[in-house]
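Taking it in order: structure first as structure tokens, then the write-up.
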Amino acid sequence: MNSQILVIGAGMAGIAAARTLHDAGCRVTVLEARNRIGGRTHTDSNLGVDVDLGAAWIHGPIANPLVPLAEQHGVGWGETDFFNIHGGAVMAFRPDGTPIDEAAYTAGIHYFAGAYNHLFSSLLAKQPGDDVRSVADLMDFGLPGQEQLTGDAAAGFYYTSRVRIRYEDAADLDTVDWRMGRAYMKLPGGDLLVYRGGFGRLAAGLAQGLEIRTGVVVERIVYGPDGVTVATNQGDFAAEKVVVTVPLGVLKAGVIDFSPTLPPEKQAAIRRIGFGNYEKLALRFPHIFWPTGPHRFNYLSDADPPLYMAWLNNAHYTGEPVLVAYHAAGLAQHTNRLNDEQLIAGALETLGRMFGPDVPDPVSYVRSGWEADPFSRGSYSFSQLGMAVEDRAALAAPVGEHIFFAGEATHPHYWATVHGAYETGVRAAREVLDGVGRGWGVGLSL
Ligand SMILES: Cc1cc2nc3c(=O)[nH]c(=O)nc-3n(C[C@H](O)[C@H](O)[C@H](O)COP(=O)(O)OP(=O)(O)OC[C@H]3O[C@@H](n4cnc5c(N)ncnc54)[C@H](O)[C@@H]3O)c2cc1C
């Protein structure tokens with residue numbers, strides 16, 4: 001029997017799986033379609049600072065397996081205080097560009113956090129009917145006391161409840177099933193921006209010494225009792241076992257042909273779990289013309305569509321004249337239809353409103369393109385309306401004794417994150433090592 005193990009995809013799940021298998025003494029090769037490793041972690045240094053065009057934050061450093069890795073490989077981070085808990089971290093602007101009162105705005109943010117938790121527990125007790133299914137329904141159902149918020153506090157509440165939350169799912173609120181989302185867990189300890197070295201350094205460090213073949217696009221996986229043959233643009237590879245870590249977006253597109261076809265439960269999971277969109281535009285200017293204290297700028301746009309509402313102040317961390325604009329869900333898809341000139345023109349107009357008319361042209365820029373990228377086809381998974389509670393476990397489950405699955409979308413609690421992807425890689429490697437596919441063995445219950 002061929003003892004070769006193949007891992008498909010060199011994102012965080014694939015690298016973690018290969019690392020675990022390699023360190024256990026297995027013969028393992030990673031096949032990666034792109035000419036780089038890291039997958040949806042991708043650090044770009046063309047602006048003179050490390051800008052992560054994919055994942056940028058370690059969400060919750062406590063008990064997070066990425067933290068010791070980041071320390072080991074010299075990745076530097078700084079906290080992003082999204083909820084302005086310590087003050088001075090979030091600066092918000094009205095549509096006309098006038099600044100919003102920080103204290104009132106922060107009160108609105110904090111009111112949302114408290115009210116949302118309250119709403120969750122009261123809904124759990126009430127078991128509302130089928131008319132409250134999406135996160136948008138949940139907001140309309142009413143967060144207690146929200147009508148008492150006015151002015152700048154209402155703006156903080158609105159931004160957090162309708163805009164920021166869209167980034168967490170990379171999906172519009174009317175497409176997200178709040179009940180499924182309850183399985184999501186957030187690690188404690190805040191959010192750390194890995195601005196020095198970025199996730200690229202972390203991925204490269206974890207991949208040291210592994211055999212990774214880049215530029216190898218997997219097209220077909222034929223499996224049976226005697227093992228697996230993986231057909232690629234670079235010829236066929238034979239293996240005893242294969243760990244598949246390609247993004248859910250790639251599985252949805254059906255561009256990898258499984259023979260025999262995947263079991264119906266897995267196909268249904270691939271269809272039903274949502275896969276969102278999230279894009280970034282990073283701009284480097286000749287000099288800093290904005291305040292460096294805040295971590296984030298929130299712009300309460302009243303345009304249709306409301307673009308350029310979320311900004312990261314890279315200068316706060318690096319001291320360099322760099323800003324990053326974020327778009328998620330339908331807004332990200334909208335920006336993907338704009339050419340570079342259009343996208344940048346809109347960004348400059350918004351910056352002009354916020355920081356005065358003397359906004360210089362950027363000296364350089366980079367933008368992501370996850371939706372159009374054939375090896376991601378979107379950003380990350382979310383709890384789509386219509387999804388079943390067992391779907392993530394079905395996606396994670398091995399097929400027979402030869403095909404194993406990892407990747408962020410297979411995690412029962414930490415999907416849509418790098419640490420989640422990492423954990424699924426380790427889990428799949430252990431299944432391979434056990435010789436028995438066990439899946440997570442976790443039943444999600446409502
Ligand atoms: C814009 C954006 C912002 C994000 N922000 C954060 C954040 O701040 N914090 C956080 O924790 N998470 C964040 N995430 C999510 C995080 O990046 C992902 O959850 C995680 O990186 C996924 O890792 P993975 O290994 O599951 O998949 P991937 O990293 O996508 O790896 C899959 C690999 O498979 C390869 N592949 C695809 N098709 C083929 C094929 N046919 N043949 C061979 N190889 C193939 C791909 O090239 C890729 O390298 C963000 C994601 C995006 C896109």
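By order in the structure tokens, chains are A, B, ...; within a chain, residues start at 1; ligands start at 1, following the order shown.
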- request: Might you pull out every residue within 9 Å of A:Asp52, with only C-alpha atoms counted and same-chain residues fewer than 3 positions away left off, and present them as a list in words?
  value: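 Near A:Asp52, the qualifying residues are Thr41, His42, Thr43, Asp44, Ser45, Ala55, Ala56, Trp57, Val194, Tyr195, Gly198, Phe199 and Gly200 of chain A.
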message: If we count only C-alpha atoms and set the cut-off at 9 Å, which residues sit around stretch 10-21 of chain A, ignoring sequence neighbours fewer than 5 positions away in its own chain? Please answer as a PyMOL selection string.
response: chain A and resi 5+26-34+36-41+203+206-212+214+243-246+406-408+418-430+432-433
message: Can you pull out the residues contacting A:Thr261? Cut-off 10 Å, using only C-alpha atoms, and skip same-chain residues under 3 positions away; I want them as a list of chain:residue names.
response: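 Listed by chain and then number, they are A:Ile221, A:Val222, A:Tyr223, A:Asp257, A:Phe258, A:Pro264, A:Lys266, A:Gln267.
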Store the residues picked out above, limited to C-alpha atoms, as a PDB file, in the first residue's frame.
```
ATOM      1  CA  ILE A 221     -10.136  13.009  -6.882  1.00  0.00           C
ATOM      2  CA  VAL A 222     -10.812   9.324  -7.547  1.00  0.00           C
ATOM      3  CA  TYR A 223     -11.065   7.208  -4.412  1.00  0.00           C
ATOM      4  CA  ASP A 257     -14.682  16.325  -9.587  1.00  0.00           C
ATOM      5  CA  PHE A 258     -15.014  13.622  -6.892  1.00  0.00           C
ATOM      6  CA  PRO A 264     -25.694  13.370  -0.327  1.00  0.00           C
ATOM      7  CA  LYS A 266     -21.997  16.351   2.285  1.00  0.00           C
ATOM      8  CA  GLN A 267     -23.342  17.713  -0.973  1.00  0.00           C
TER       9      GLN A 267
END
```
- request: Pick out the closest residue to ligand 1 from this set: A:Asn277, A:Ser259, A:Thr98, A:Ser161. Count only C-alpha atoms and all ligand atoms.
  value: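 Answer, going by the shortest atom-to-atom distance: A:Asn277.
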- prompt: What residues in stretch 46-268 of chain A get the DSSP label helix (DSSP H, G or I)? Please answer as a ChimeraX atom specification.
  reply: /A:66-72,102-126,135-141,146-148,151-169,173-175,178-181,198-207,248-253,264-268
field: Selected residue, from A:Thr292, A:Ser376, A:Ser134, A:Ser301, that lies nearest to ligand 1 when counting only C-alpha atoms and all ligand atoms
entry: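 Counting only C-alpha atoms and all ligand atoms, the residue closest to ligand 1 is A:Ser376.
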message: Please determine, counting only C-alpha atoms and all ligand atoms, which residue among A:Arg272, A:His295, A:Lys280, A:His334 has the shortest atom-to-atom distance to ligand 1.
response: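 With only C-alpha atoms and all ligand atoms as the atom set, the closest residue is A:Lys280.
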message: Based on the backbone DSSP call, show me all residues of stretch 160-353 of chain A assigned strand (DSSP E or B), as number ranges by chain.
response: A: 176-177, 191-196, 211-214, 218-224, 227-232, 235-239, 241-244, 257-259, 274-275, 278-284, 296-299, 310-312, 322-328
Atom pair atom CA of A:Pro260 / atom CA of A:Gly378: separation (Å):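 Between atom CA of A:Pro260 and atom CA of A:Gly378 the gap works out to 26.6 Å.
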Distance in Å - atom 18 (C, counted along the ligand's line) of ligand 1 versus atom CA of A:His411: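 Separating atom 18 (C, counted along the ligand's line) of ligand 1 from atom CA of A:His411 is a distance of 11.0 Å.
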query: Within 10 Å of A:Ala136, counting only C-alpha atoms, which residues qualify if same-chain residues fewer than 4 places away don't, as a list in words?
result: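 Counting only C-alpha atoms, the residues come to Val132, Asp140, Phe141, Ser161, Arg162, Asp172, Leu173, Asp174, Thr175, Val176, Asp177 and Trp178 of chain A.
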statement: Of A:Ala155, A:Met354, A:Val242, A:Met91, the one sitting nearest ligand 1 when using only C-alpha atoms and all ligand atoms is A:Val242
